[in-house]
Structure formats: C-alpha cells, structure tokens
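Structure data follow from target_36.cif (mmCIF, C-alpha atoms):
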data_entry
loop_
_atom_site.label_atom_id
_atom_site.label_comp_id
_atom_site.auth_asym_id
_atom_site.auth_seq_id
_atom_site.Cartn_x
_atom_site.Cartn_y
_atom_site.Cartn_z
CA MET A 649 0.00 0.00 0.00
CA THR A 650 2.69 2.45 0.90
CA ASP A 651 5.21 1.93 -1.89
CA ILE A 652 4.28 5.15 -3.66
CA ILE A 653 4.88 7.00 -0.43
CA ASN A 654 8.27 5.48 0.22
CA SER A 655 9.82 5.48 -3.18
CA ASN A 656 10.50 9.19 -3.57
CA SER A 657 14.26 9.21 -3.67
CA GLU A 658 14.46 12.94 -2.96
CA SER A 659 13.27 12.36 0.58
CA GLY A 660 15.57 11.38 3.39
CA GLU A 661 15.08 8.62 5.94
CA LYS A 662 13.75 10.98 8.60
CA PHE A 663 11.03 12.34 6.33
CA ARG A 664 10.06 8.81 5.29
CA GLU A 665 9.65 7.79 8.94
CA GLN A 666 7.41 10.79 9.55
CA ILE A 667 5.24 10.05 6.50
CA ASN A 668 4.97 6.39 7.45
CA PHE A 669 3.84 7.36 10.95
CA LEU A 670 1.16 9.65 9.50
CA ILE A 671 -0.07 6.80 7.30
CA GLU A 672 -0.08 4.27 10.14
CA ILE A 673 -2.14 6.47 12.48
CA ASP A 674 -4.92 6.70 9.87
CA LYS A 675 -6.03 3.40 11.45
CA ILE A 676 -7.36 5.28 14.48
CA LYS A 677 -10.33 6.21 12.26
CA THR A 678 -11.40 2.57 12.39
CA ILE A 679 -11.19 2.19 16.19
CA PHE A 680 -14.72 2.63 17.48
CA ARG A 681 -15.62 3.57 21.03
CA LYS A 682 -18.65 2.44 23.04
CA THR A 683 -20.23 5.88 23.20
CA ARG A 684 -22.46 7.35 20.50
CA LEU A 685 -22.65 10.57 18.51
CA PHE A 686 -25.02 13.17 19.94
CA ASP A 687 -27.54 12.31 17.20
CA ASN A 688 -27.38 8.65 18.37
CA SER A 689 -26.81 7.47 14.77
CA ARG A 690 -23.69 5.39 15.47
CA THR A 691 -20.71 5.00 17.81
CA GLU A 692 -17.85 7.47 17.66
CA ASN A 693 -14.36 6.64 16.49
CA ASP A 694 -11.14 7.69 18.20
CA ALA A 695 -10.14 10.27 15.57
CA GLU A 696 -13.46 12.12 15.87
CA HIS A 697 -13.31 11.86 19.65
CA SER A 698 -9.79 13.31 19.75
CA TRP A 699 -10.79 16.20 17.48
CA HIS A 700 -13.83 16.97 19.61
CA LEU A 701 -11.84 16.96 22.86
CA CYS A 702 -9.47 19.52 21.35
CA MET A 703 -12.47 21.75 20.67
CA TYR A 704 -13.63 21.19 24.26
CA ALA A 705 -10.18 22.27 25.45
CA LEU A 706 -10.14 25.47 23.39
CA THR A 707 -13.70 26.35 24.37
CA LEU A 708 -13.65 25.43 28.08
CA LYS A 709 -10.05 26.26 28.98
CA GLU A 710 -11.12 28.94 31.47
CA TYR A 711 -12.70 26.29 33.72
CA SER A 712 -9.47 24.42 34.42
CA ASN A 713 -8.71 24.49 38.16
CA GLU A 714 -5.14 25.50 37.42
CA PRO A 715 -3.73 27.60 34.57
CA VAL A 716 -2.72 25.29 31.69
CA ASP A 717 -0.36 25.41 28.74
CA ILE A 718 -3.10 24.91 26.15
CA LEU A 719 -0.68 23.75 23.43
CA LYS A 720 0.40 20.90 25.69
CA VAL A 721 -3.25 20.04 26.43
CA LEU A 722 -4.00 19.89 22.69
CA LYS A 723 -0.97 17.73 21.95
CA MET A 724 -2.00 15.30 24.70
CA LEU A 725 -5.55 15.09 23.43
CA LEU A 726 -4.44 14.60 19.82
CA ILE A 727 -2.28 11.60 20.71
CA HIS A 728 -3.95 10.20 23.86
CA ASP A 729 -5.82 7.37 22.12
CA LEU A 730 -3.27 6.43 19.43
CA VAL A 731 -2.21 3.42 21.50
CA GLU A 732 -5.62 1.91 20.79
CA ILE A 733 -4.53 1.25 17.20
CA TYR A 734 -2.61 -1.73 18.62
CA ALA A 735 -4.18 -2.18 22.08
CA GLY A 736 -7.85 -1.65 21.12
CA ASP A 737 -10.44 0.46 22.91
CA THR A 738 -11.00 -0.42 26.58
CA PHE A 739 -14.48 0.46 27.83
CA LEU A 740 -14.31 2.73 30.89
CA TYR A 741 -16.34 0.15 32.84
CA SER A 742 -14.35 -2.85 31.59
CA ASP A 743 -13.23 -5.64 33.95
CA LYS A 744 -9.76 -5.62 32.46
CA THR A 745 -7.30 -4.96 35.29
CA LYS A 746 -5.42 -1.68 35.33
CA LYS A 747 -2.15 -3.59 35.16
CA GLN A 748 -3.20 -5.52 32.03
CA LYS A 749 -4.39 -2.39 30.28
CA LYS A 750 -1.25 -0.49 31.27
CA LYS A 751 1.01 -3.22 29.91
CA GLU A 752 -0.82 -3.49 26.58
CA GLU A 753 -0.96 0.25 26.08
CA THR A 754 2.65 0.88 27.04
CA ASP A 755 3.80 -1.74 24.53
CA ALA A 756 1.56 -0.14 21.90
CA ALA A 757 2.92 3.35 22.63
CA LYS A 758 6.50 2.20 22.28
CA LYS A 759 5.74 0.42 19.00
CA LEU A 760 3.78 3.29 17.48
CA PHE A 761 5.91 6.24 18.58
CA GLY A 762 8.97 4.14 17.73
CA LEU A 763 8.06 4.61 14.06
CA LEU A 764 9.07 8.27 14.33
CA PRO A 765 12.53 9.85 14.35
CA GLU A 766 13.90 9.31 17.86
CA GLU A 767 13.50 12.79 19.31
CA GLN A 768 9.96 13.21 18.03
CA GLY A 769 8.92 9.73 19.14
CA GLU A 770 10.23 10.41 22.63
CA GLU A 771 8.34 13.69 22.86
CA PHE A 772 5.05 11.95 22.02
CA LEU A 773 5.78 9.02 24.35
CA LYS A 774 6.47 11.42 27.25
CA LEU A 775 3.29 13.38 26.52
CA TRP A 776 1.27 10.18 26.49
CA GLU A 777 2.82 9.02 29.79
CA GLU A 778 2.15 12.42 31.36
CA PHE A 779 -1.49 12.23 30.25
CA GLU A 780 -1.85 8.72 31.67
CA GLU A 781 -0.38 9.70 35.05
CA GLU A 782 -2.90 12.54 35.52
CA LYS A 783 -0.58 14.51 37.77
CA THR A 784 0.20 17.77 35.96
CA ALA A 785 -2.34 20.56 35.47
CA GLU A 786 -2.49 19.82 31.72
CA ALA A 787 -2.99 16.08 32.21
CA LYS A 788 -5.71 16.61 34.83
CA PHE A 789 -7.61 19.04 32.60
CA ALA A 790 -7.23 16.86 29.48
CA SER A 791 -8.46 13.80 31.42
CA ALA A 792 -11.43 15.75 32.75
CA LEU A 793 -12.50 16.51 29.17
CA ASP A 794 -11.94 12.88 28.15
CA ARG A 795 -14.47 11.88 30.83
CA LEU A 796 -16.91 14.74 30.30
CA GLU A 797 -17.65 14.02 26.63
CA PRO A 798 -18.98 10.46 27.20
CA VAL A 799 -21.15 11.65 30.11
CA MET A 800 -22.71 14.24 27.81
CA GLN A 801 -23.05 11.67 25.00
CA ASN A 802 -24.94 9.36 27.32
CA CYS A 803 -27.19 12.09 28.69
CA ILE A 804 -28.12 13.33 25.21
CA THR A 805 -28.74 9.84 23.81
CA LYS A 806 -30.99 9.00 26.78
CA GLY A 807 -28.40 6.74 28.37
CA ALA A 808 -27.79 4.65 25.24
CA THR A 809 -24.43 3.20 26.24
CA TRP A 810 -25.15 3.07 29.99
CA LYS A 811 -28.34 1.09 29.37
CA LYS A 812 -26.78 -1.27 26.85
CA HIS A 813 -24.08 -2.22 29.34
CA ASN A 814 -26.23 -2.08 32.50
CA ILE A 815 -24.17 0.66 34.07
CA LYS A 816 -25.49 2.07 37.37
CA LYS A 817 -25.20 5.56 38.79
CA HIS A 818 -22.58 4.64 41.41
CA GLN A 819 -20.30 3.33 38.63
CA VAL A 820 -20.69 6.51 36.61
CA ILE A 821 -19.84 8.58 39.67
CA GLU A 822 -16.86 6.42 40.63
CA LYS A 823 -15.37 6.51 37.15
CA ASN A 824 -16.01 10.17 36.46
CA ASN A 825 -15.56 12.06 39.71
CA LYS A 826 -11.92 12.57 38.78
CA ILE A 827 -13.26 15.30 36.49
CA GLU A 828 -13.13 17.39 39.66
CA ASN A 829 -9.33 17.11 39.77
CA GLY A 830 -9.14 18.98 36.48
CA SER A 831 -12.14 21.26 36.82
CA GLU A 832 -14.52 21.79 39.71
CA LYS A 833 -16.87 23.68 37.39
CA LEU A 834 -17.05 20.82 34.87
CA TRP A 835 -17.62 18.26 37.62
CA GLU A 836 -20.43 20.39 39.07
CA TYR A 837 -21.96 20.41 35.60
CA ALA A 838 -21.37 16.69 34.92
CA SER A 839 -22.74 15.57 38.30
CA GLY A 840 -25.77 17.78 37.70
CA ILE A 841 -26.62 16.15 34.38
CA ILE A 842 -25.95 12.68 35.83
CA ASP A 843 -28.55 13.42 38.54
CA GLU A 844 -30.99 14.54 35.89
CA ALA A 845 -30.30 11.43 33.82
CA VAL A 846 -31.37 9.34 36.83
CA LEU A 847 -34.53 11.44 37.28
CA LYS A 848 -35.41 10.98 33.61
CA GLY A 849 -34.77 7.23 33.69
CA TYR A 850 -31.68 7.30 31.45
CA LEU A 851 -29.51 5.84 34.21
CA GLU A 852 -30.34 3.40 37.00
CA GLU A 853 -29.87 4.51 40.60
CA MET B 1070 -32.26 16.67 22.33
CA THR B 1071 -30.37 19.21 24.34
CA ASP B 1072 -32.74 19.89 27.22
CA ILE B 1073 -30.71 17.89 29.70
CA ILE B 1074 -27.69 19.94 28.76
CA ASN B 1075 -29.40 23.27 29.15
CA SER B 1076 -31.44 22.77 32.25
CA ASN B 1077 -28.70 22.80 34.80
CA SER B 1078 -29.55 25.91 36.74
CA GLU B 1079 -26.13 26.12 38.34
CA SER B 1080 -24.60 27.12 35.05
CA GLY B 1081 -24.56 30.63 33.71
CA GLU B 1082 -25.51 31.83 30.25
CA LYS B 1083 -21.92 31.92 29.00
CA PHE B 1084 -21.29 28.31 29.96
CA ARG B 1085 -24.56 27.24 28.33
CA GLU B 1086 -23.52 28.92 25.07
CA GLN B 1087 -20.20 27.11 25.15
CA ILE B 1088 -21.82 23.72 25.80
CA ASN B 1089 -24.38 24.30 23.05
CA PHE B 1090 -21.59 25.13 20.61
CA LEU B 1091 -19.76 21.91 21.52
CA ILE B 1092 -22.96 19.95 20.92
CA GLU B 1093 -23.69 21.67 17.60
CA ILE B 1094 -20.24 20.99 16.15
CA ASP B 1095 -20.71 17.24 16.70
CA LYS B 1096 -22.45 17.42 13.31
CA ILE B 1097 -19.08 17.75 11.57
CA LYS B 1098 -18.71 13.99 12.15
CA THR B 1099 -21.47 13.47 9.60
CA ILE B 1100 -19.97 15.70 6.88
CA PHE B 1101 -18.19 13.39 4.47
CA ARG B 1102 -15.46 14.43 2.08
CA LYS B 1103 -14.73 13.05 -1.37
CA THR B 1104 -11.40 11.50 -0.44
CA ARG B 1105 -11.00 8.09 1.11
CA LEU B 1106 -9.21 6.58 4.11
CA PHE B 1107 -5.78 5.13 3.34
CA ASP B 1108 -7.28 1.61 3.56
CA ASN B 1109 -9.83 2.68 0.88
CA SER B 1110 -12.71 1.34 3.02
CA ARG B 1111 -14.82 4.53 2.96
CA THR B 1112 -14.68 8.31 2.59
CA GLU B 1113 -13.31 10.44 5.41
CA ASN B 1114 -15.39 12.82 7.47
CA ASP B 1115 -14.39 16.35 8.44
CA ALA B 1116 -13.73 15.58 12.11
CA GLU B 1117 -11.28 12.79 11.26
CA HIS B 1118 -9.67 14.95 8.59
CA SER B 1119 -9.20 17.85 11.02
CA TRP B 1120 -7.65 15.56 13.62
CA HIS B 1121 -5.28 14.06 11.08
CA LEU B 1122 -4.15 17.47 9.81
CA CYS B 1123 -3.25 18.44 13.38
CA MET B 1124 -1.04 15.35 13.56
CA TYR B 1125 0.52 16.34 10.22
CA ALA B 1126 1.22 19.80 11.67
CA LEU B 1127 2.90 18.46 14.82
CA THR B 1128 4.93 15.91 12.87
CA LEU B 1129 5.96 17.99 9.84
CA LYS B 1130 6.29 21.44 11.44
CA GLU B 1131 10.00 21.65 10.63
CA TYR B 1132 9.23 21.74 6.88
CA SER B 1133 7.26 25.00 6.97
CA ASN B 1134 9.00 27.61 4.81
CA GLU B 1135 8.68 30.14 7.61
CA PRO B 1136 8.72 29.63 11.38
CA VAL B 1137 5.15 29.13 12.63
CA ASP B 1138 3.27 29.53 15.90
CA ILE B 1139 2.21 25.89 16.06
CA LEU B 1140 -0.65 26.59 18.51
CA LYS B 1141 -2.19 28.93 15.96
CA VAL B 1142 -1.73 26.34 13.20
CA LEU B 1143 -3.51 23.72 15.34
CA LYS B 1144 -6.38 26.07 16.18
CA MET B 1145 -6.87 26.87 12.48
CA LEU B 1146 -6.85 23.21 11.51
CA LEU B 1147 -9.28 22.27 14.28
CA ILE B 1148 -11.86 24.83 13.13
CA HIS B 1149 -11.12 25.21 9.39
CA ASP B 1150 -13.93 22.94 8.17
CA LEU B 1151 -16.60 23.75 10.78
CA VAL B 1152 -18.39 26.00 8.26
CA GLU B 1153 -19.22 22.86 6.27
CA ILE B 1154 -21.79 21.93 8.94
CA TYR B 1155 -24.02 24.56 7.31
CA ALA B 1156 -22.35 25.10 3.91
CA GLY B 1157 -21.56 21.46 3.07
CA ASP B 1158 -18.31 20.05 1.68
CA THR B 1159 -17.14 21.62 -1.59
CA PHE B 1160 -15.01 19.28 -3.70
CA LEU B 1161 -11.65 20.86 -4.52
CA TYR B 1162 -12.39 20.42 -8.23
CA SER B 1163 -15.99 21.68 -8.00
CA ASP B 1164 -17.42 24.12 -10.58
CA LYS B 1165 -18.92 26.28 -7.84
CA THR B 1166 -17.52 29.78 -8.22
CA LYS B 1167 -15.16 31.10 -5.59
CA LYS B 1168 -17.59 33.92 -4.86
CA GLN B 1169 -20.53 31.55 -4.28
CA LYS B 1170 -18.47 29.34 -1.98
CA LYS B 1171 -17.08 32.33 -0.10
CA LYS B 1172 -20.57 33.76 0.51
CA GLU B 1173 -22.01 30.45 1.74
CA GLU B 1174 -19.09 29.76 4.01
CA THR B 1175 -18.91 33.26 5.47
CA ASP B 1176 -22.60 33.11 6.38
CA ALA B 1177 -22.03 29.69 7.93
CA ALA B 1178 -19.03 30.93 9.95
CA LYS B 1179 -21.01 33.86 11.36
CA LYS B 1180 -23.93 31.61 12.27
CA LEU B 1181 -21.80 28.93 13.90
CA PHE B 1182 -19.27 31.04 15.76
CA GLY B 1183 -22.14 33.34 16.74
CA LEU B 1184 -23.32 30.58 19.06
CA LEU B 1185 -20.35 31.27 21.32
CA PRO B 1186 -19.80 34.06 23.85
CA GLU B 1187 -18.83 37.11 21.80
CA GLU B 1188 -15.10 37.26 22.46
CA GLN B 1189 -14.59 33.56 21.83
CA GLY B 1190 -16.74 33.60 18.71
CA GLU B 1191 -14.74 36.48 17.31
CA GLU B 1192 -11.45 34.74 17.97
CA PHE B 1193 -12.59 31.66 16.01
CA LEU B 1194 -14.05 33.78 13.20
CA LYS B 1195 -10.78 35.68 12.82
CA LEU B 1196 -8.77 32.46 12.81
CA TRP B 1197 -11.03 31.01 10.12
CA GLU B 1198 -10.73 34.17 7.98
CA GLU B 1199 -6.95 34.16 8.38
CA PHE B 1200 -6.85 30.53 7.27
CA GLU B 1201 -9.01 31.28 4.23
CA GLU B 1202 -6.85 34.22 3.14
CA GLU B 1203 -3.66 32.12 3.11
CA LYS B 1204 -1.41 35.09 3.74
CA THR B 1205 0.25 34.50 7.11
CA ALA B 1206 2.93 31.87 7.68
CA GLU B 1207 0.51 29.82 9.81
CA ALA B 1208 -2.28 29.97 7.23
CA LYS B 1209 0.05 29.01 4.38
CA PHE B 1210 1.43 26.04 6.27
CA ALA B 1211 -2.01 24.88 7.44
CA SER B 1212 -3.36 25.13 3.88
CA ALA B 1213 -0.40 23.17 2.55
CA LEU B 1214 -1.27 20.30 4.90
CA ASP B 1215 -4.95 20.54 3.95
CA ARG B 1216 -3.91 19.91 0.32
CA LEU B 1217 -1.22 17.34 1.02
CA GLU B 1218 -3.46 14.83 2.81
CA PRO B 1219 -5.87 14.30 -0.14
CA VAL B 1220 -2.95 13.92 -2.58
CA MET B 1221 -1.56 11.17 -0.37
CA GLN B 1222 -5.01 9.60 0.04
CA ASN B 1223 -5.39 9.44 -3.74
CA CYS B 1224 -1.92 8.06 -4.33
CA ILE B 1225 -2.36 5.32 -1.71
CA THR B 1226 -5.85 4.34 -2.90
CA LYS B 1227 -4.59 4.09 -6.52
CA GLY B 1228 -6.29 7.32 -7.53
CA ALA B 1229 -9.73 6.32 -6.20
CA THR B 1230 -11.23 9.83 -6.03
CA TRP B 1231 -9.33 11.23 -9.03
CA LYS B 1232 -10.58 8.37 -11.21
CA LYS B 1233 -14.15 8.54 -9.95
CA HIS B 1234 -14.36 12.23 -10.87
CA ASN B 1235 -12.19 12.09 -14.04
CA ILE B 1236 -9.58 14.42 -12.65
CA LYS B 1237 -6.47 14.95 -14.82
CA LYS B 1238 -2.90 15.66 -13.81
CA HIS B 1239 -2.98 19.35 -14.81
CA GLN B 1240 -5.97 19.90 -12.49
CA VAL B 1241 -4.20 18.22 -9.59
CA ILE B 1242 -1.14 20.39 -10.16
CA GLU B 1243 -3.16 23.61 -10.54
CA LYS B 1244 -5.13 23.00 -7.35
CA ASN B 1245 -2.24 21.79 -5.25
CA ASN B 1246 0.85 23.73 -6.25
CA LYS B 1247 0.00 26.24 -3.54
CA ILE B 1248 1.46 23.66 -1.17
CA GLU B 1249 4.76 25.29 -2.17
CA ASN B 1250 3.71 28.58 -0.53
CA GLY B 1251 3.62 26.81 2.82
CA SER B 1252 6.39 24.28 2.33
CA GLU B 1253 8.80 23.75 -0.56
CA LYS B 1254 9.78 20.40 0.91
CA LEU B 1255 6.19 19.16 1.04
CA TRP B 1256 5.50 20.34 -2.50
CA GLU B 1257 8.63 18.59 -3.74
CA TYR B 1258 7.31 15.45 -2.09
CA ALA B 1259 3.70 15.88 -3.33
CA SER B 1260 4.72 16.62 -6.91
CA GLY B 1261 6.98 13.56 -6.81
CA ILE B 1262 4.17 11.22 -5.80
CA ILE B 1263 1.80 12.85 -8.33
CA ASP B 1264 4.34 12.04 -11.08
CA GLU B 1265 4.53 8.47 -9.83
CA ALA B 1266 0.76 8.22 -9.73
CA VAL B 1267 0.73 9.09 -13.46
CA LEU B 1268 3.42 6.49 -14.20
CA LYS B 1269 1.44 3.83 -12.35
CA GLY B 1270 -1.83 4.72 -14.08
CA TYR B 1271 -3.58 6.13 -10.99
CA LEU B 1272 -3.95 9.57 -12.60
CA GLU B 1273 -4.43 10.56 -16.24
CA GLU B 1274 -1.86 12.78 -17.89
#

What would the structure in this file look like if it were written as structure tokens?
Amino acid sequence: MTDIINSNSESGEKFREQINFLIEIDKIKTIFRKTRLFDNSRTENDAEHSWHLCMYALTLKEYSNEPVDILKVLKMLLIHDLVEIYAGDTFLYSDKTKKQKKKEETDAAKKLFGLLPEEQGEEFLKLWEEFEEEKTAEAKFASALDRLEPVMQNCITKGATWKKHNIKKHQVIEKNNKIENGSEKLWEYASGIIDEAVLKGYLEE
Amino acid sequence: MTDIINSNSESGEKFREQINFLIEIDKIKTIFRKTRLFDNSRTENDAEHSWHLCMYALTLKEYSNEPVDILKVLKMLLIHDLVEIYAGDTFLYSDKTKKQKKKEETDAAKKLFGLLPEEQGEEFLKLWEEFEEEKTAEAKFASALDRLEPVMQNCITKGATWKKHNIKKHQVIEKNNKIENGSEKLWEYASGIIDEAVLKGYLEE
C-alpha cells in the first residue's frame, strides 16, 4: 500500500519515517468507542473523539482548576488514544485490570511512537505518559474533558451506552468524579446532568 | 435533544452557550469528504480529517518555509472545516464559483461562531478568515497540509477519487501547487508522488 509514499528518492530517511507514521495512524479512524454521537446514529471513532476533545479544550479552557499550557493540552488530546490502534479500545467500565491495560498500552505506545525519528517519538511518548499519570495541570484538565464528553453523549442519547451495558449511577460517579481534579466547574456540571439522567430514567440509581 | 444539557440551573448563560456550541459541532462527524481513508474502506469525514491534519502539523512542522506559531496552526486546523456543517463540503475540483463558496461559508461561519460568547466567537471567526486568506505563515502552512493529505489519500488508494471524478494531472497540479507557498519540501514530495501516480496509471496525464 505504501510503496508510492516510500519510493521518492528525494526524501531522506527521517522524512520517510514521519510520513509512514502519518499513514499508520490513519487506522485510528477505524477504532470505534462504546459511546455514541449526539444524534445517536452510530458509535464514535477515536479520531473524531480526539478532534472533539481539542475543541472542548479550546472552548472550556477557562474552567481548568489551574492555569494550563493549552498547546500541551491539545498535543496530549491529539495523541492520547493512538495506542488503541494496537491495544484496542477499553471500555471505561471494563473488567480488564489496570495492570493488564497499562502493559498493553505501554507496549503499543513504544511500538507506534517508535516509528518516528527518535526525538519526536520520545516527545510523544512522554506526553502520552504524562497524560496517563494525571498529575500535571495539563494532564488533569485533558483527562477531565476525556471523561466529560462520554457523560454528555450518554445524557443526550438517553443513556444509550449506559443502558446497553447495564451501568449504574454509582459506577458513573466512581469513574467520572476525577473530572473534579481537572475542573470543579465541569464536575459540578457533569454531576448535575448525571442526577438529571437518573430522574429521567436514562440511568439506573 | 439538548434539554438535559441546558437545564442545569447552576450554570450561567456563558457556559450554556459554550456547551451548546460543543454539541452543535458534533455534526461535523457526519460531513463526508470526497477523499478516502488510506485503507480505501470509505470516505473520510471532516472531524477525522481535522484531527489528522493536526497530527501532520505536529509531525511535519520543521518543513514549513517560515517559522510558525504551532498553537495557531492547530487552532486553524481544528476549526477550518466547521463552516461545512451549514455550507456542506465543496469538492476541490468543484465548478462552484469562488464567490458563491465564499458567501455560503462566510454566512455559515457567522452563524456557527455566533453561538459562542462574543469574544470567543470572534477569535474563532478571525482564525477562520486568516486561514481562508492564506497570507500569514501559519495559514500558508495549514493550507499546505490541507492539500497534502488528499494527494496522499489518492496516491495510496490508486487514484480512487481522481478516477471517480475524471480528474487529470494538470488539475491536480493547478489546485495543489500552492502547497509550495507553505512548504517547498512538502510540494517537492507531493509533486513527486503525483508524477509516480501518473506512471502507475492512478492519474491521467
């Protein structure tokens, strides 16, 4: 498939590695999540999800608990799900142990970012690790957005994914209250719509 | 659809406008382009395309003719196709006049960004106008990437979209040689793979 991309003799090895990486990550468009578009027509894929979270970040930046370097937040959000090209999507409420998931995703990150020239690959790997650790202001805000979108998707689609997988309110709270670490305002909003979802019968108590 | 999102009385008017904007732009995931995924399985939608261009920008930044503010490039790429939610996708080789397209898209931009709090809406509108004018270093580089991706998609899918719409080499060159304004390196690469596409029979001379 990629011969026409690689055969341009004018281009050096570094450029070829970069182009090959950009071709490989196209596969993220075929990794589908459990949650559904707001119009409930189908599930969302990781590329669309990543784009939307970047728009959340630009639009809702002022609600981060701490000041953030927004460029770093965007970079994290753009790459945060690339590991799923090799490791697959893990449902937030999956039984898979944290250790299992961590191992699979770390291997995937090393394989994928290893396609790039060394310096660039290391930058992306570090950004991904920082996002996963949820310790810095940028990682906490980015993770808050990553949790907020599916809550909204469920509320708007009348609990489509929650109902399909028999998710209860206490699970939604447990998995999403970390939103508060990134943004008290967004957690206040998310917990408010979760309560309403229960009242409307979109989510079981 | 959006009552559950709007009814949270804790949230002020500004926040409601921001959330409504984020819900409205979900529709970009249903706007499909003419070009196809690298695996040729289906056409690409605008959300996926915008995400991918951001990854192109991060990965290929060093090949911009002029130094660029990469945050500005990312912002432009994230929002550049939002107008298509109301104006629809215009094929690069469409007969629609520039003036027609410009009018439709400007109206769409005002309508869409008008959903946001004033200051934020104006920032996005200005970024979109700057992108469209292709005068600043950031706009030229972002536009170069916006042209490069479809050339690569066509080359990898053996000219799928070019063949379907009877596009000839001179049209591809005419529409894409502006890549050079943003990046000589990327135009050297793109023109090289266009020549190879002709040799392999993916594109008519």

Go through chain B and flag each residue having an atom no more than 6 Å from chain A; for those, report the closest pair of atoms plus their distance in Å to one decimal, using all atoms listed in the file, ordered by chain and rising number, as a tab-separated table.
residue	atom	partner	partner_atom	distance
B:Ala1116	CA	A:Glu696	CA	5.1
B:Glu1117	CA	A:Ala695	CA	5.1
B:Trp1120	CA	A:Trp699	CA	5.0
B:Leu1140	CA	A:Leu719	CA	5.7

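The spacing separating atom CA of B:Ser1212 from atom CA of B:Val1267 amounts to 24.0 Å.
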
Under the PyMOL selection byres ((chain B and resi 1152-1155) around 6), which residues of this model are included? Write them out as an mmCIF file with C-alpha atoms, in the frame of the given file.
data_model
loop_
_atom_site.group_PDB
_atom_site.id
_atom_site.type_symbol
_atom_site.label_atom_id
_atom_site.label_comp_id
_atom_site.auth_asym_id
_atom_site.auth_seq_id
_atom_site.Cartn_x
_atom_site.Cartn_y
_atom_site.Cartn_z
ATOM 1 C CA ILE B 1097 -19.080 17.750 11.570
ATOM 2 C CA ASP B 1150 -13.930 22.940 8.170
ATOM 3 C CA LEU B 1151 -16.600 23.750 10.780
ATOM 4 C CA ALA B 1156 -22.350 25.100 3.910
ATOM 5 C CA GLY B 1157 -21.560 21.460 3.070
ATOM 6 C CA ASP B 1158 -18.310 20.050 1.680
ATOM 7 C CA GLU B 1174 -19.090 29.760 4.010
ATOM 8 C CA ALA B 1177 -22.030 29.690 7.930
ATOM 9 C CA ALA B 1178 -19.030 30.930 9.950
#

Problem - Selected residue, from A:Lys662, A:Leu793, A:Glu770, A:Thr738, that lies nearest to A:Ile679 when counting all atoms listed in the file - result: A:Thr738

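Residues in contact range of B:Lys1232, defined as at most 9 Å between only C-alpha atoms, with sequence neighbours fewer than 5 positions away removed, read Lys1227, Lys1237, Tyr1271, Leu1272 and Glu1273 of chain B.
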
Hey, can you spit out that residue selection with C-alpha atoms as a PDB file, keeping the file's coordinate frame?
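Result file is result10.pdb:
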ATOM      1  CA  LYS B1227      -4.590   4.090  -6.520  1.00  0.00           C
ATOM      2  CA  LYS B1237      -6.470  14.950 -14.820  1.00  0.00           C
ATOM      3  CA  TYR B1271      -3.580   6.130 -10.990  1.00  0.00           C
ATOM      4  CA  LEU B1272      -3.950   9.570 -12.600  1.00  0.00           C
ATOM      5  CA  GLU B1273      -4.430  10.560 -16.240  1.00  0.00           C
TER       6      GLU B1273
END

As a check of understanding, name the residues that the PyMOL selection byres ((chain A and resi 819) around 12) selects in the supplied structure, as a short mmCIF file (atom, residue, chain, number, x, y, z; two decimals) with C-alpha atoms, in the frame of the given file.
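Now in part.cif:
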data_model
loop_
_atom_site.label_atom_id
_atom_site.label_comp_id
_atom_site.auth_asym_id
_atom_site.auth_seq_id
_atom_site.Cartn_x
_atom_site.Cartn_y
_atom_site.Cartn_z
CA LEU A 740 -14.31 2.73 30.89
CA TYR A 741 -16.34 0.15 32.84
CA SER A 742 -14.35 -2.85 31.59
CA VAL A 799 -21.15 11.65 30.11
CA TRP A 810 -25.15 3.07 29.99
CA HIS A 813 -24.08 -2.22 29.34
CA ASN A 814 -26.23 -2.08 32.50
CA ILE A 815 -24.17 0.66 34.07
CA LYS A 816 -25.49 2.07 37.37
CA LYS A 817 -25.20 5.56 38.79
CA HIS A 818 -22.58 4.64 41.41
CA VAL A 820 -20.69 6.51 36.61
CA ILE A 821 -19.84 8.58 39.67
CA GLU A 822 -16.86 6.42 40.63
CA LYS A 823 -15.37 6.51 37.15
CA ASN A 824 -16.01 10.17 36.46
CA ASN A 825 -15.56 12.06 39.71
CA ILE A 842 -25.95 12.68 35.83
CA LEU A 851 -29.51 5.84 34.21
CA GLU A 852 -30.34 3.40 37.00
CA GLU A 853 -29.87 4.51 40.60
#

Completion exercise
note - atom CA of B:Met1145 and atom CA of B:Ala1206 are separated by 12.0 Å

Handout entry: Nearest residue to B:Lys1209 from the set B:Ser1260, B:Ser1133, B:Thr1175, B:Gln1169 (distances using all atoms listed in the file)
Key =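 That would be B:Ser1133, the residue with the smallest distance to B:Lys1209.
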
Practice task
Just give me the gap between atom CA of A:Lys749 and atom CA of A:Ile827 in Å, one decimal is fine.
Solution key: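 Distance between the two atoms: 20.7 Å.
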